$ cat structure.txt   # compact mmCIF, C-alpha atoms
# COMPACT_ATOMS: atom_id res chain seq x y z
CA CYS A 1 -0.05 -12.20 -1.08
CA CYS A 2 -2.54 -15.03 -0.67
CA GLY A 3 -3.67 -13.55 2.64
CA THR A 4 -6.09 -15.85 4.39
CA GLY A 5 -6.24 -18.08 1.31
CA ASP A 6 -9.74 -17.59 -0.07
CA ILE A 7 -8.75 -17.64 -3.76
CA ALA A 8 -6.30 -20.55 -3.37
CA ILE A 9 -8.82 -22.57 -1.34
CA ALA A 10 -11.60 -21.96 -3.86
CA LEU A 11 -9.36 -22.95 -6.77
CA ALA A 12 -8.03 -26.07 -5.03
CA GLY A 13 -11.56 -27.10 -4.06
CA ARG A 14 -12.96 -26.67 -7.57
CA ARG A 15 -9.97 -28.19 -9.36
CA PRO A 16 -8.61 -31.21 -7.45
CA ASP A 17 -6.60 -32.06 -10.58
CA LEU A 18 -4.38 -28.99 -9.97
CA GLU A 19 -1.63 -28.39 -7.45
CA VAL A 20 -2.23 -24.98 -5.88
CA THR A 21 0.38 -23.02 -3.91
CA GLY A 22 -0.49 -20.01 -1.75
CA LEU A 23 2.30 -17.66 -0.69
CA ASP A 24 2.17 -14.84 1.83
CA PHE A 25 4.68 -12.75 3.75
CA SER A 26 2.71 -12.98 7.00
CA PRO A 27 2.88 -16.16 9.10
CA ALA A 28 -0.36 -15.12 10.83
CA MET A 29 -2.22 -14.91 7.51
CA LEU A 30 -0.83 -18.29 6.46
CA GLU A 31 -1.94 -19.87 9.72
CA VAL A 32 -5.52 -18.73 9.08
CA ALA A 33 -5.27 -19.96 5.48
CA GLN A 34 -3.96 -23.37 6.56
CA ASN A 35 -6.83 -23.82 8.99
CA LYS A 36 -9.42 -22.77 6.40
CA GLY A 37 -7.92 -25.02 3.72
CA GLU A 38 -7.45 -28.08 5.91
CA GLY A 39 -8.23 -31.31 4.09
CA LEU A 40 -7.38 -30.08 0.59
CA GLU A 41 -4.51 -32.35 -0.40
CA ASN A 42 -3.68 -30.37 -3.55
CA LEU A 43 -3.10 -27.14 -1.61
CA HIS A 44 0.31 -26.04 -0.32
CA TRP A 45 1.33 -22.98 1.69
CA VAL A 46 4.65 -21.14 1.56
CA GLN A 47 5.86 -18.16 3.53
CA GLY A 48 7.76 -15.78 1.28
CA ASP A 49 8.13 -12.36 -0.27
CA ALA A 50 6.28 -11.49 -3.47
CA LEU A 51 9.26 -9.31 -4.44
CA GLU A 52 11.51 -12.39 -4.45
CA LEU A 53 9.43 -15.50 -5.04
CA PRO A 54 11.18 -18.64 -3.72
CA PHE A 55 10.39 -20.72 -6.82
CA PRO A 56 12.35 -21.64 -9.94
CA ASP A 57 11.69 -20.05 -13.31
CA GLY A 58 8.65 -21.39 -15.15
CA MET A 59 7.40 -23.57 -12.27
CA PHE A 60 3.70 -22.67 -12.50
CA ALA A 61 1.08 -22.78 -15.25
CA ALA A 62 -0.40 -19.56 -13.84
CA ALA A 63 0.14 -17.00 -11.11
CA CYS A 64 -2.50 -14.89 -9.39
CA ILE A 65 -2.53 -12.03 -6.91
CA SER A 66 -5.82 -10.79 -5.51
CA PHE A 67 -6.21 -7.61 -3.48
CA GLY A 68 -2.53 -7.83 -2.56
CA LEU A 69 -0.50 -5.98 -5.19
CA ARG A 70 -1.36 -2.70 -3.45
CA ASN A 71 0.32 -4.04 -0.27
CA THR A 72 3.73 -4.48 -1.88
CA ALA A 73 6.66 -2.09 -2.14
CA GLY A 74 7.05 -2.54 -5.90
CA TYR A 75 4.17 -3.31 -8.24
CA GLY A 76 6.40 -3.81 -11.27
CA ARG A 77 8.81 -6.05 -9.36
CA VAL A 78 5.97 -8.30 -8.14
CA LEU A 79 4.63 -8.67 -11.68
CA GLU A 80 8.15 -9.45 -12.95
CA GLU A 81 8.46 -12.20 -10.35
CA MET A 82 5.04 -13.62 -11.22
CA TYR A 83 6.06 -13.58 -14.90
CA ARG A 84 9.37 -15.30 -14.08
CA VAL A 85 7.79 -18.22 -12.21
CA THR A 86 5.08 -18.72 -14.85
CA ALA A 87 5.80 -21.23 -17.62
CA PRO A 88 5.87 -20.05 -21.25
CA GLY A 89 2.28 -19.90 -22.49
CA GLY A 90 1.03 -19.50 -18.91
CA ARG A 91 -1.10 -16.70 -17.55
CA VAL A 92 -0.68 -14.05 -14.85
CA PHE A 93 -3.74 -12.57 -13.11
CA CYS A 94 -4.30 -9.59 -10.84
CA LEU A 95 -7.69 -9.09 -9.19
CA ASP A 96 -8.09 -5.84 -7.31
CA SER A 97 -10.28 -2.87 -6.55
CA PHE A 98 -9.83 0.30 -8.59
CA VAL A 99 -11.37 3.72 -8.83
CA PRO A 100 -13.71 3.35 -11.82
CA ASP A 101 -12.63 4.98 -15.10
CA HIS A 102 -16.00 6.47 -15.98
CA PRO A 103 -16.46 10.00 -14.52
CA LEU A 104 -20.22 9.57 -14.13
CA VAL A 105 -19.75 6.50 -11.92
CA VAL A 106 -17.07 7.96 -9.63
CA PRO A 107 -19.35 10.08 -7.34
CA ALA A 108 -21.68 7.14 -6.59
CA TYR A 109 -18.67 4.84 -6.20
CA ARG A 110 -17.04 7.19 -3.67
CA LEU A 111 -20.25 7.60 -1.69
CA TYR A 112 -20.77 3.84 -1.49
CA PHE A 113 -17.15 2.74 -1.05
CA ARG A 114 -16.15 5.45 1.44
CA HIS A 115 -19.27 5.76 3.57
CA LEU A 116 -21.69 2.86 3.11
CA MET A 117 -19.47 -0.18 2.54
CA PRO A 118 -17.52 0.19 5.82
CA ILE A 119 -20.81 0.13 7.73
CA LEU A 120 -22.61 -2.52 5.65
CA GLY A 121 -19.62 -4.79 5.03
CA GLY A 122 -17.53 -4.18 8.10
CA GLY A 123 -19.91 -3.24 10.83
CA ARG A 124 -18.33 -2.15 14.08
CA ARG A 125 -15.81 -4.97 14.13
CA TYR A 126 -14.23 -4.59 10.65
CA ARG A 127 -15.08 -1.00 9.75
CA LYS A 128 -11.43 0.16 9.90
CA GLN A 129 -10.35 -2.52 7.40
CA TYR A 130 -12.97 -1.33 4.91
CA GLU A 131 -11.95 2.28 5.46
CA TRP A 132 -8.35 1.29 4.77
CA LEU A 133 -9.43 -0.50 1.58
CA TYR A 134 -11.01 2.73 0.35
CA GLU A 135 -7.91 4.77 1.16
CA SER A 136 -5.51 2.30 -0.41
CA THR A 137 -7.66 2.10 -3.54
CA GLN A 138 -7.39 5.88 -3.93
CA GLN A 139 -3.58 5.60 -3.86
CA PHE A 140 -3.37 2.51 -6.10
CA PRO A 141 -2.57 3.12 -9.79
CA GLY A 142 -5.50 2.85 -12.15
CA ARG A 143 -6.39 -0.16 -14.28
CA LYS A 144 -4.64 1.24 -17.37
CA LYS A 145 -1.37 1.80 -15.49
CA ILE A 146 -1.37 -1.74 -14.10
CA MET A 147 -2.10 -3.08 -17.58
CA LYS A 148 0.95 -1.12 -18.86
CA LEU A 149 3.06 -2.73 -16.13
CA PHE A 150 1.84 -6.14 -17.34
CA SER A 151 2.97 -5.27 -20.87
CA ARG A 152 6.35 -3.94 -19.68
CA THR A 153 7.13 -7.28 -18.05
CA GLY A 154 6.75 -8.93 -21.45
CA MET A 155 3.21 -10.26 -21.15
CA GLU A 156 1.06 -10.47 -24.25
CA GLU A 157 -2.69 -10.39 -24.76
CA VAL A 158 -3.08 -8.11 -21.73
CA GLN A 159 -6.77 -7.56 -21.06
CA SER A 160 -9.09 -6.61 -18.23
CA ARG A 161 -12.57 -7.60 -17.14
CA SER A 162 -14.51 -5.17 -14.97
CA ARG A 163 -17.18 -5.84 -12.41
CA MET A 164 -19.17 -3.48 -10.24
CA LEU A 165 -18.92 -0.66 -12.83
CA GLY A 166 -15.12 -0.88 -12.82
CA ALA A 167 -14.60 -0.93 -9.05
CA CYS A 168 -13.35 -4.52 -9.22
CA VAL A 169 -11.13 -5.54 -12.13
CA LEU A 170 -9.37 -8.73 -13.20
CA ILE A 171 -6.27 -8.03 -15.29
CA GLU A 172 -4.77 -10.91 -17.23
CA GLY A 173 -1.66 -11.36 -19.34
CA LYS A 174 -0.04 -14.27 -21.13
CA LYS A 175 3.64 -15.15 -21.00
CA PRO A 176 4.80 -15.77 -24.58
CA LYS A 177 5.67 -19.31 -25.57
CA ALA A 178 9.39 -19.94 -25.94
CA THR A 179 10.64 -19.63 -29.51
$ encode --input "structure.txt" --output "structure tokens"
Amino acid sequence: CCGTGDIAIALAGRRPDLEVTGLDFSPAMLEVAQNKGEGLENLHWVQGDALELPFPDGMFAAACISFGLRNTAGYGRVLEEMYRVTAPGGRVFCLDSFVPDHPLVVPAYRLYFRHLMPILGGGRRYRKQYEWLYESTQQFPGRKKIMKLFSRTGMEEVQSRSRMLGACVLIEGKKPKAT
């Protein structure tokens, strides 16, 4: 679910010593990503399904999904696949938007995310996409549930880092080293 490639492009640009692979189900998204990432020799694009990653076990040092897990048909299955393709000792990351945990923050969050952000961030042209983001965030499991899914796949040291009062969260887990 690399979408239009922003995370992969940023990583490849900052770390030319790494080989970065972006995967998405949509050829149209990948076309945009390829154009945006043109000239980065350490960046590769693959069309595929996050539910059945077309890579061998343990191929990557890390795997990341950002604002894409919510678009899949099986959150647990996607995390299992990410775990499978990550080498022992490697890390799995999920960056996404969540409804904040703190009850005092939720009313302000809803006001901003539902009414103001579509206008300020999307304007007339992209307002519908921002409205969809709000709706999909309401349906998406909370941070704690996604962290439990990380643990169920076998990941250790599962932790989260919140930004924007918990509206944006990075969840991270480590695949145990082989014994």
$ residues_around --input "structure.txt" --residues "Ala12 (chain A)" --least-positions-apart "2" --cutoff "12 Å" --atoms "only C-alpha atoms" --output "list in words"
Gly5, Asp6, Ile7, Ala8, Ile9, Ala10, Arg14, Arg15, Pro16, Asp17, Leu18, Glu19, Val20, Thr21, Gly22, Lys36, Gly37, Glu38, Gly39, Leu40, Glu41, Asn42, Leu43, His44 and Trp45 of chain A
$ atom_distance --input "structure.txt" --atom1 "CA of Lys174 (chain A)" --atom2 "CA of Gly90 (chain A)"
5.8 Å
$ closest_residue --input "structure.txt" --among "A:Met82, A:Ile171, A:Val46, A:Cys94" --to "Val158 (chain A)" --atoms "only C-alpha atoms"
A:Ile171
$ closest_atom_pairs --input "structure.txt" --of "region 13-85 of chain A" --to "region 96-118 of chain A" --cutoff "9 Å" --atoms "only C-alpha atoms" --output "Markdown table"
| residue | atom | partner | partner_atom | distance |
| --- | --- | --- | --- | --- |
| A:Ile65 | CA | A:Asp96 | CA | 8.3 |
| A:Ser66 | CA | A:Asp96 | CA | 5.7 |
| A:Phe67 | CA | A:Asp96 | CA | 4.6 |
| A:Gly68 | CA | A:Asp96 | CA | 7.6 |
| A:Leu69 | CA | A:Asp96 | CA | 7.9 |
| A:Arg70 | CA | A:Asp96 | CA | 8.4 |
$ write_last_selection --input "structure.txt" --atoms "C-alpha atoms" --output "tab-separated table (two decimals), in the frame of the given file"
chain	number	residue	atom	x	y	z
A	65	ILE	CA	-2.53	-12.03	-6.91
A	66	SER	CA	-5.82	-10.79	-5.51
A	67	PHE	CA	-6.21	-7.61	-3.48
A	68	GLY	CA	-2.53	-7.83	-2.56
A	69	LEU	CA	-0.50	-5.98	-5.19
A	70	ARG	CA	-1.36	-2.70	-3.45
$ atom_distance --input "structure.txt" --atom1 "CA of Gly123 (chain A)" --atom2 "CA of Ser136 (chain A)"
19.1 Å
$ axis_aligned_box --input "structure.txt" --around "region 54-71 of chain A" --padding-each-side "8 Å" --output "JSON"
{"center_x": 3.1, "center_y": -13.1, "center_z": -7.8, "size_x": 34.6, "size_y": 36.9, "size_z": 31.0}
